[in-house]
Structure formats: C-alpha cells, structure tokens
Amino acid sequence: MSKLYFNKGQLAEDIWVQVADDAPLQNDTPSIISLSRFKEQAASLAERTGPLGVRIDAGSKQGEDVEEIADRLDQLDLIAIDFPAFRNGRGYSTARILREHLGFSGELRAMGEVLIDQLIFMHRCGFSSYEIDTEQNKSLDSNHFTDAFARFPDAYQPAGDDNRGILWHRGQS
Amino acid sequence: MYRYDEFDHQMVRARVDQFRDQVERRLSGELSEDAFKPLRLMNGVYLQLHAYMLRVAIPYGTLSSRQMRKLASIARDYDRGYGHFTTRQNIQYNWPALERMPDLLEELADVEMHAIQTSGNCIRNVTADHYAGAIADEIEDPRIISEIIRQWSTFHPEFSFLPRKFKIAVTGHANDRAAIRFHDIGIVVRKNAAGEVGYEVHVGGGLGRTPFIAKKIAEFVPAQKLLAYLEAIMRVYNRLGRRDNAYKARIKILVHEIGAEEMQARVETEFARIDGKGNYDLPVGELERIRAYFRDPDFLELPSDSETLSQALAQDPDFAAWFKNNVVAHKKSGYGIVNISLKPIGGIPGDASDRQMDTIADIAQAYSFDEIRVTHEQNLVLPHVKLDDLATVYAGLKEADLATANIGKISDQIACPGLDYCNLANARSIPIAQDISNRFAELQRQNDIGELRIKISGCINACGHHHVGHIGILGVDKKGTEFYQITLGGAPDENAAIGDITGPAFTADKIVDAVENIVDTYLELRHSDERFIDTYRRLGMPPFKERLYQDV
C-alpha cells in the first residue's frame with residue numbers, strides 16, 4: 001500500500017515505523033506500538049530513550065479507550081488513531097478527549113481509511129498529521145491537501161483548534 | 001424569521017462549489033458511484049428506485065414566501081412540476097438530473113436554503129412545533145434555540161460520522177406537536193422560578209424497527225449551557241454507540257442497553273468536563289441576536305370578533321366547515337392560525353404542485369406576514385392570518401385545490417413514499433392512503449368520526465410513523481405479496497405511546513375494510529364526544545380485536 005504523509009502543513013517523509021506486537025522494539029527508532037502492548041509494557045518502556053507512539057484501534061467493538069492510558073501520556077510522542085472505515089467517526093471524539101481533556105500535545109496522527117474531504121474536520125478535532133492511502137487516488141498531490149484545508153476556512157462551533165467559530169465570534173462583537 | 005449574514009452565505013456557497021466539483025468528477029468517471037456516495041449523501045442526494053432524489057432542508061419548518069416561490073420554480077424547472085413535503089418538515093424532489101443538482105443547489109442558496117445534512121450519519125435538520133410563535137401559552141418560541149442548534153450542528157467536525165443518523169426536535173409548548181419523545185434528542189423549553197429560560201432534555205426516542213419513547217435525562221439545562229450539554233450527549237453516543245449493526249446503531253439502542261440512569265451519569269460526567277473549562281457558554285450577545293429574529297411580527301390591535309368572518313361563516317357552509325377543522329386559535333386577538341391540508345381526497349399525502357406552492361407564497365405574502373410552516377404531518381400552515389382575511393384566504397386556497405377541510409381527521413394521513421419511490425420499502429403506502437381517503441371521503445362522516453390519526457409506513461423503518469398512529473399501518477412483504485399489519489393506540493404527543501399490534505396482517509384488498517371495521521367498532525362503543533384514542537385507552541384492544549378477526 002502506498003501512502004502520502006502530511007504533517008505540519010506539508011507532505012513529509014514518515015520517520016515512524018509500525019511495530020507488531022511480537023516484533024522486537026529498537027531503542028532509537030521512532031516506533032508505534034499497539035495500545036495493549038503499551039499497557040502491558042509501559043513500566044519497562046519508560047527506560048527507553050527513542051520516540052514512542054501508540055496506535056489506537058477505533059474499530060474494535062466499542063473502540064479502544066484512550067482514557068486507559070491517561071496517566072502515562074507523558075511517555076508518548078505520538079498517538080495514531082486508526083480509522084477502520086471512513087464512516088466510523090469514533091476517532092474524532094478520541095482526538096478531542098486527548099487534546100482537550102487529557103492535554104496531550106504530541107503528534108496526533110489519523111491513519112487507516114482517511115478521506116481527503118475529512119481532513120478539515122480532523123484538523124479541527126486536534127489531529128496534526130495524516131496518512132492517506134494513494135491506491136484509490138493516484139493523482140493526489142500536496143495541492144489537494146492545501147485545497148482541502150482552504151475550502152472551509154471558517155466554522156460555526158468551537159472544537160479542538162483555535163477557531164472558536166462564528167457563534168462565539170458574533171457574540172463577542 | 002432568521003436571515004443569513006455574510007458568514008452563513010459563505011458557508012453554503014462554499015459547499016455548493018465543493019459539490020459542483022464532486023459532481024463533475026463523478027460525471028467524468030473520475031469518481032465511481034461507490035466513492036461518490038458518501039459525498040452526495042452529505043448534500044441530500046439519494047439514489048432511489050428510479051432516479052436520484054434531492055432532499056432540501058427547511059430548518060424547523062419555517063419558510064418565507066420568497067423561499068416557497070423558489071421551491072415552486074425548482075419543481076417546475078428541475079422536476080416534474082411538484083415536490084413532496086416530508087414528516088421531517090423538509091421537501092423532496094424525486095426527479096432532478098444529477099448534472100443539474102449543483103445549479104439547483106445554487107438557486108437554493110440564493111434564497112438562504114440548502115440540502116446540507118439532510119442525509120448521512122450526521123445531525124439532521126432540526127424540527128420544531130409548527131405553531132411556534134403563533135400559539136397561546138408558549139413558553140418561548142422553539143425556533144430560537146433550533147436556529148442555534150442548526151448552526152452549531154452544521155459541519156460539526158466531531159459529529160459528522162456518527163454511528164447512525166441523528167434527529168433533534170424542539171417544542172416550546174406543553175402540547176407537543178413536534179413528537180419530541182420520538183427523536184434521538186427531544187427538547188422542551190422551560191422557565192425556572194426566576195423566569196429564566198432553560199431546556200428539559202429527553203434522549204433515546206425513536207421509531208423504526210425497535211420503537212422507544214425517549215427518557216428524560218435533564219430537567220433544566222440553562223440556555224447558555226445547552227450546547228455544552230448537547231456536545232456531551234453526542235460524545236457519549238459517538239464513543240459508545242454500536243457500529244457493528246446498522247439496526248442497533250441509533251442512540252435509542254445505547255440508552256436501552258446501558259439504561260437511562262447510566263446514560264444520564266455518563267452525560268453528566270462528560271458535561272462537567274466540557275463545562276469545567278468555561279469556554280463553552282454560548283455568548284449572551286449571540287443568543288439575543290438570534291432571539292431578535294423571532295420577535296412577533298407587527299400585529300395590529302384587533303377585537304377578538306370579526307364581523308366579516310361571522311358573515312362569511314353564515315353564508316358559506318363549506319367555508320364554515322373548513323374554518324372549524326383547519327383554523328386554530330392564535331395567541332393574538334383578531335388573528336387565526338390556518339392549516340393548509342396537503343391531503344386532498346384520493347391524493348398523495350404531502351405532495352404540492354408548483355402552481356399550488358406559488359399560490360401559497362402569494363397568500364402568505366399578502367395575509368400571513370410572509371410566513372409559511374411545514375408540519376411533520378405533511379401539511380402547511382399560514383401562522384398569522386387576520387380573522388377578517390380568512391374568507392379571502394379560503395377562496396384563494398380553494399381555487400388551487402388547497403381547501404380540503406380535514407385537518408386531524410381520518411383522511412389527514414401520514415404516508416411514507418413506499419414502494420412507489422423508495423428502494424427500502426416492502427410495500428406500497430400511497431395507494432393504501434388513497435384508498436382509505438376515498439372510502440371516508442364524505443366530510444360529514446369524517447367530522448362524525450372526529451380526530452383520528454392514521455399513519456402508514458411501507459416498511460419497518462417507519463418513515464410513515466405508523467407506531468404513533470391512532471391507527472398505524474405497516475406494509476410487510478410475505479413471499480412477494482404485500483401485507484399490512486395494524487397497530488392501535490399510538491400517540492406522538494405529550495402522552496406518547498407506541499401502538500399495539502392487533503394480530504395477523506391484512507392483504508391490500510382487505511386493509512381498508514379492516515380500518516372501516518375498527519372505525520365502526522369505535523363509533524358503537526364511544527361515550528358521547530370521546531375521541532378514538534380515548535376510547536381505545538379506556539377499552540384497550542379486546543373489543544377491536546374481536547370484531548376485526550371474527551370472520552377469520
């Protein structure tokens with residue numbers, strides 16, 4: 001599967017590797033592991049010096065609950081939310097909880113089935129980077145990304161970004 | 001009425017441009033139907049049995065004359081000369097061509113209308129009492145908070161891919177005309193002892209294959225806190241709602257599975273977290289700005305009696321019959337609320353032609369402060385008509401075949417599009433409604449029967465609200481034959497009830513006889529002026545069931 005990785009407003013090289021539960025973890029390589037592995041090994045992983053990320057599976061019956069690791073978030077540089085289908089929007093709430101309730105400030109990545117038309121919503125919920133599968137859309141380039149963010153520059157409601165939304169803007173003026 | 005500002009216009013225009021781009025990509029073959037589907041659904045475009053269908057939002061059922069004229073011209077220019085008003089106070093067009101949809105949406109945008117969030121698993125068009133702002137004893141016009149909810153829910157970044165569609169209804173009156181207890185969230189406007197406005201919140205109601213009456217989870221949420229409270233409900237649902245089975249994905253199933261108390265506790269916890277930050281209080285200035293749009297129009301000070309009206313009533317018995325059934329008392333003396341029936345005898349419930357829509361727009365402009373309402377019972381309302389003008393209004397409506405005097409009567413039925421249009425349906429609904437209407441055509445007989453609400457759905461999804469019909473009819477398919485199951489005793493209002501199934505279903509050629517049998521049983525058993533629903537509540541199913549199946 002070929003993917004494009006969009007981070008901090010531009011296409012970028014992905015330095016992170018996904019590590020399976022039964023695969024060894026390199027000390028220095030930026031590595032993303034499953035939530036269950038992190039929960040199991042969190043104490044020993046605290047010794048590790050390289051960047052660490054956790055993958056949240058939003059697809060299992062009720063989705064994995066990020067609040068289970070609320071008190072260990074400072075160990076993580078990245079959290080990746082894996083969308084099993086574009087129509088499964090549970091990960092949007094996970095993102096807002098991470099940013100607004102749990103104060104997570106590292107990289108928040110959307111992966112799995114992510115559509116270009118959804119990026120603006122994800123951004124507003126606190127995501128900061130995106131993996132997009134290019135199998136379906138081979139002509140995808142950085143312009144598509146910038147267009148997707150530019151099309152709806154404003155919003156009605158507050159969310160996880162700096163935009164308080166027009167309902168609040170009007171009320172202040 | 002609410003009017004768009006620069007920002008509202010810009011949001012809708014941006015959406016039209018985006019959709020135009022998507023349609024072009026679909027027509028050129030760049031997008032497959034599969035890839036196009038989620039995009040068109042976000043714009044109210046469905047693929048039906050015969051063609052694409054467009055559902056246009058009419059927020060809380062309120063229209064201006066200008067908007068109604070636009071709906072008429074769209075029916076003429078893009079469809080086959082008619083539109084279909086729905087149980088969610090929207091309008092549907094059954095025959096527009098896909099390549100012309102972007103132009104159609106652009107025309108809607110010209111009159112501050114759109115098709116955003118009329119489909120898909122998002123927060124749908126918010127509905128409200130169709131007598132809002134006109135009926136006496138209203139706590140507050142429900143459209144004020146409805147408009148705020150409309151804006152808050154539009155392109156909500158977190159809640160646009162919910163487990164399932166999500167419907168919110170609001171009433172500002174003790175008499176619930178918005179069926180709020182059968183919505184995902186139902187809101188009742190309240191005032192506390194200090195005279196402040198707040199909201200009672202019900203959650204988890206719905207129809208479909210597993211009907212539930214909503215549970216009250218908050219007595220009084222202050223006005224400024226409502227959006228935070230709604231965010232809390234939505235977030236609990238978005239996280240816990242089932243996604244493994246579309247039939248169990250509505251919030252009613254979640255509330256049923258975890259229980260109302262647990263739901264309430266989870267909502268309260270989430271609400272406390274959101275509210276604790278203190279930045280989710282709706283600014284008072286914005287609340288007041290929107291409230292100002294729904295101030296009373298400039299009513300005249302008029303006596304409560306109208307000489308003109310009295311004379312017309314004495315001279316024209318048809319007008320008198322219409323007045324009795326279709327006109328409701330207004331909060332302001334000298335005015336009346338006019339119901340326009342879209343249920344002509346033998347007609348298709350909810351359909352209106354372009355010419356009829358134009359007529360209604362003209363009448364509303366001249367006689368009803370430019371306002372029209374769509375009811376969830378698929379009729380229209382002129383909310384503010386002077387009693388002095390009623391005879392003139394009646395004459396105008398009559399000329400356009402819009403003066404059927406059957407509001408609340410047996411021929412004023414709700415029916416879903418059914419197998420004639422819908423690709424989910426198992427059976428036809430419209431022809432059954434037409435047969436019943438023809439059987440009970442005589443107005444004298446309808447008046448004798450009194451208030452009786454028949455609601456017909458062509459499948460278990462219950463778009464025709466059969467569960468809450470005094471008599472409900474559900475079409476089912478048994479080995480390729482259409483059968484119709486009957487329920488009795490349903491009610492959508494403040495005395496919410498789900499109807500009871502009578503017994504085995506009837507074939508299409510027997511269903512009207514069965515309805516007549518139920519009506520005859522009622523007429524024999526009722527106490528003087530007792531309504532059908534009250535007789536049923538007093539006696540229950542046995543006498544009806546016995547008569548219905550005695551020959552079987």
# chains A, B, ... in the order shown; residues from 1 in each chain; ligands from 1
>>> interface_residues(of="chain B", to="chain A", cutoff="10 Å", atoms="only C-alpha atoms", output="ChimeraX atom specification")
/B:7-8,10-11,14-15,17-18,30-31,35,38-39,120-121,148,150-164,227,234-244,270,273-274,277,279-289
>>> residues_around(residues="range 418-423 of chain B", least_positions_apart="6", cutoff="6 Å", atoms="only C-alpha atoms", output="PyMOL selection string")
chain B and resi 48-49+429+458
>>> atom_distance(atom1="CA of Ala400 in chain B", atom2="CA of Thr87 in chain B")
22.7 Å
>>> residues_around(residues="range 503-506 of chain B", least_positions_apart="6", cutoff="6 Å", atoms="only C-alpha atoms", output="list in words")
Phe483, Tyr484 and Gln485 of chain B
>>> residues_around(residues="range 35-52 of chain A", least_positions_apart="4", cutoff="10 Å", atoms="only C-alpha atoms", output="list in words")
Trp16, Val17, Ala20, Asp21, Asp22, Leu25, Gln26, Asn27, Asp28, Thr29, Pro30, Ser31, Ile56, Asp57, Glu64, Asp65, Val66, Glu68, Ile69, Arg72, Asp74, Gln75, Leu76, Asp77, Leu78 and Ile79 of chain A
>>> write_last_selection(atoms="C-alpha atoms", output="CSV table (one decimal), in the first residue's frame")
chain,number,residue,atom,x,y,z
A,16,TRP,CA,8.0,6.4,12.3
A,17,VAL,CA,7.7,2.6,11.9
A,20,ALA,CA,3.9,-5.6,15.5
A,21,ASP,CA,3.2,-6.9,19.0
A,22,ASP,CA,5.6,-9.9,18.6
A,25,LEU,CA,11.4,-2.8,19.7
A,26,GLN,CA,14.6,-0.9,18.6
A,27,ASN,CA,15.8,1.6,21.2
A,28,ASP,CA,16.3,4.6,18.9
A,29,THR,CA,13.9,4.0,16.0
A,30,PRO,CA,10.7,6.1,16.4
A,31,SER,CA,8.2,3.3,16.9
A,56,ILE,CA,-5.5,3.3,19.0
A,57,ASP,CA,-7.8,0.9,17.1
A,64,GLU,CA,-10.1,1.2,22.3
A,65,ASP,CA,-10.4,3.6,25.1
A,66,VAL,CA,-7.5,6.1,25.3
A,68,GLU,CA,-7.0,3.8,30.0
A,69,ILE,CA,-3.5,5.3,29.5
A,72,ARG,CA,1.0,7.6,31.0
A,74,ASP,CA,3.8,11.9,29.0
A,75,GLN,CA,5.7,8.8,27.8
A,76,LEU,CA,4.3,9.2,24.3
A,77,ASP,CA,5.5,11.5,21.4
A,78,LEU,CA,2.8,10.3,19.1
A,79,ILE,CA,-0.7,8.8,19.1
>>> residues_around(residues="Asp493 in chain B", least_positions_apart="5", cutoff="8 Å", atoms="only C-alpha atoms", output="list in words")
Asn175, Asp176, Arg177, Ala178, Ala179, Ile180 and Arg181 of chain B
>>> write_last_selection(atoms="N, CA and C atoms", output="PDB file, in the first residue's frame")
ATOM      1  N   ASN B 175     -48.210  21.287  24.930  1.00  0.00           N
ATOM      2  CA  ASN B 175     -48.770  20.367  23.938  1.00  0.00           C
ATOM      3  C   ASN B 175     -47.710  20.105  22.878  1.00  0.00           C
ATOM      4  N   ASP B 176     -47.260  18.882  22.829  1.00  0.00           N
ATOM      5  CA  ASP B 176     -46.138  18.554  21.949  1.00  0.00           C
ATOM      6  C   ASP B 176     -46.625  18.225  20.541  1.00  0.00           C
ATOM      7  N   ARG B 177     -46.385  19.142  19.626  1.00  0.00           N
ATOM      8  CA  ARG B 177     -46.739  18.910  18.215  1.00  0.00           C
ATOM      9  C   ARG B 177     -45.514  18.505  17.392  1.00  0.00           C
ATOM     10  N   ALA B 178     -44.375  18.362  18.044  1.00  0.00           N
ATOM     11  CA  ALA B 178     -43.145  18.051  17.310  1.00  0.00           C
ATOM     12  C   ALA B 178     -42.676  16.622  17.559  1.00  0.00           C
ATOM     13  N   ALA B 179     -43.474  15.829  18.284  1.00  0.00           N
ATOM     14  CA  ALA B 179     -43.141  14.420  18.564  1.00  0.00           C
ATOM     15  C   ALA B 179     -41.745  14.284  19.169  1.00  0.00           C
ATOM     16  N   ILE B 180     -41.442  15.155  20.126  1.00  0.00           N
ATOM     17  CA  ILE B 180     -40.066  15.195  20.647  1.00  0.00           C
ATOM     18  C   ILE B 180     -39.667  13.911  21.364  1.00  0.00           C
ATOM     19  N   ARG B 181     -40.659  13.177  21.871  1.00  0.00           N
ATOM     20  CA  ARG B 181     -40.333  11.935  22.590  1.00  0.00           C
ATOM     21  C   ARG B 181     -40.001  10.782  21.645  1.00  0.00           C
TER      22      ARG B 181
END
>>> residues_around(residues="Glu399 in chain B", least_positions_apart="6", cutoff="12 Å", atoms="only C-alpha atoms", output="PyMOL selection string")
chain B and resi 355-356+359-360+363+392-393
>>> residues_around(residues="Leu488 in chain B", least_positions_apart="4", cutoff="8 Å", atoms="only C-alpha atoms", output="PyMOL selection string")
chain B and resi 469-472+499-502+536+541
>>> select_by_dssp(residues="range 73-150 of chain A", states="strand (DSSP E or B)", output="ChimeraX atom specification")
/A:78-83,107-112,129-133
>>> write_last_selection(atoms="N, CA and C atoms", output="CSV table (one decimal), in the first residue's frame")
chain,number,residue,atom,x,y,z
A,78,LEU,N,3.8,10.4,20.2
A,78,LEU,CA,2.8,10.3,19.1
A,78,LEU,C,1.7,9.3,19.5
A,79,ILE,N,0.4,9.7,19.1
A,79,ILE,CA,-0.7,8.8,19.1
A,79,ILE,C,-1.3,8.7,17.8
A,80,ALA,N,-1.4,7.5,17.2
A,80,ALA,CA,-2.0,7.3,15.9
A,80,ALA,C,-3.4,6.7,16.1
A,81,ILE,N,-4.4,7.4,15.5
A,81,ILE,CA,-5.8,6.8,15.6
A,81,ILE,C,-6.1,6.2,14.3
A,82,ASP,N,-6.4,4.9,14.4
A,82,ASP,CA,-6.6,4.0,13.2
A,82,ASP,C,-8.0,3.9,12.8
A,83,PHE,N,-8.5,4.6,11.7
A,83,PHE,CA,-9.9,4.6,11.3
A,83,PHE,C,-10.1,3.3,10.4
A,107,GLU,N,2.4,14.5,18.6
A,107,GLU,CA,1.8,14.4,17.3
A,107,GLU,C,0.6,13.5,17.4
A,108,LEU,N,-0.6,13.9,16.8
A,108,LEU,CA,-1.8,13.1,16.7
A,108,LEU,C,-2.1,12.8,15.3
A,109,ARG,N,-2.0,11.6,15.0
A,109,ARG,CA,-2.0,11.1,13.6
A,109,ARG,C,-3.3,10.4,13.2
A,110,ALA,N,-3.9,10.7,12.1
A,110,ALA,CA,-5.0,10.0,11.5
A,110,ALA,C,-4.5,9.0,10.5
A,111,MET,N,-4.8,7.7,10.7
A,111,MET,CA,-4.4,6.7,9.7
A,111,MET,C,-5.5,5.7,9.4
A,112,GLY,N,-5.3,4.8,8.5
A,112,GLY,CA,-6.4,3.9,8.1
A,112,GLY,C,-7.2,4.5,7.0
A,129,SER,N,-1.4,15.3,12.0
A,129,SER,CA,-0.8,14.7,10.8
A,129,SER,C,-1.7,13.6,10.3
A,130,TYR,N,-1.5,13.2,9.0
A,130,TYR,CA,-2.4,12.4,8.3
A,130,TYR,C,-1.7,11.5,7.3
A,131,GLU,N,-2.1,10.2,7.3
A,131,GLU,CA,-1.7,9.2,6.3
A,131,GLU,C,-2.8,9.0,5.4
A,132,ILE,N,-2.5,9.2,4.1
A,132,ILE,CA,-3.6,8.9,3.1
A,132,ILE,C,-3.1,7.8,2.1
A,133,ASP,N,-4.0,6.9,1.9
A,133,ASP,CA,-3.8,5.8,1.0
A,133,ASP,C,-3.9,6.3,-0.4
>>> decode(residues="range 12-54 of chain B", atoms="C-alpha atoms", output="short mmCIF file (atom, residue, chain, number, x, y, z; two decimals), in the first residue's frame")
data_model
loop_
_atom_site.label_atom_id
_atom_site.label_comp_id
_atom_site.auth_asym_id
_atom_site.auth_seq_id
_atom_site.Cartn_x
_atom_site.Cartn_y
_atom_site.Cartn_z
CA VAL B 12 -23.47 27.49 1.95
CA ARG B 13 -21.76 28.82 -1.20
CA ALA B 14 -18.53 27.02 -0.35
CA ARG B 15 -20.48 23.79 -0.02
CA VAL B 16 -22.20 24.28 -3.40
CA ASP B 17 -18.81 24.88 -5.08
CA GLN B 18 -17.40 21.77 -3.47
CA PHE B 19 -20.35 19.66 -4.61
CA ARG B 20 -20.17 21.05 -8.15
CA ASP B 21 -16.58 19.88 -8.27
CA GLN B 22 -17.54 16.44 -6.94
CA VAL B 23 -20.42 16.02 -9.43
CA GLU B 24 -18.08 16.92 -12.30
CA ARG B 25 -15.62 14.29 -11.11
CA ARG B 26 -18.46 11.75 -10.93
CA LEU B 27 -19.79 12.58 -14.41
CA SER B 28 -16.32 12.42 -15.94
CA GLY B 29 -15.89 8.95 -14.43
CA GLU B 30 -13.04 10.01 -12.13
CA LEU B 31 -15.22 9.09 -9.14
CA SER B 32 -17.04 5.76 -9.03
CA GLU B 33 -20.63 5.61 -7.67
CA ASP B 34 -19.16 3.99 -4.54
CA ALA B 35 -16.69 6.81 -3.94
CA PHE B 36 -19.31 9.41 -4.83
CA LYS B 37 -21.94 8.01 -2.47
CA PRO B 38 -20.66 9.50 0.82
CA LEU B 39 -20.14 12.84 -0.92
CA ARG B 40 -23.63 13.05 -2.43
CA LEU B 41 -25.22 11.90 0.83
CA MET B 42 -23.67 14.88 2.58
CA ASN B 43 -25.64 17.01 0.14
CA GLY B 44 -29.02 15.33 0.45
CA VAL B 45 -28.77 13.37 -2.80
CA TYR B 46 -30.17 9.83 -2.60
CA LEU B 47 -30.30 7.17 -5.27
CA GLN B 48 -33.90 5.94 -5.30
CA LEU B 49 -35.71 3.23 -7.26
CA HIS B 50 -35.96 5.23 -10.47
CA ALA B 51 -33.69 8.23 -10.15
CA TYR B 52 -31.65 10.46 -7.85
CA MET B 53 -33.74 12.22 -5.23
CA LEU B 54 -32.87 15.52 -3.56
#
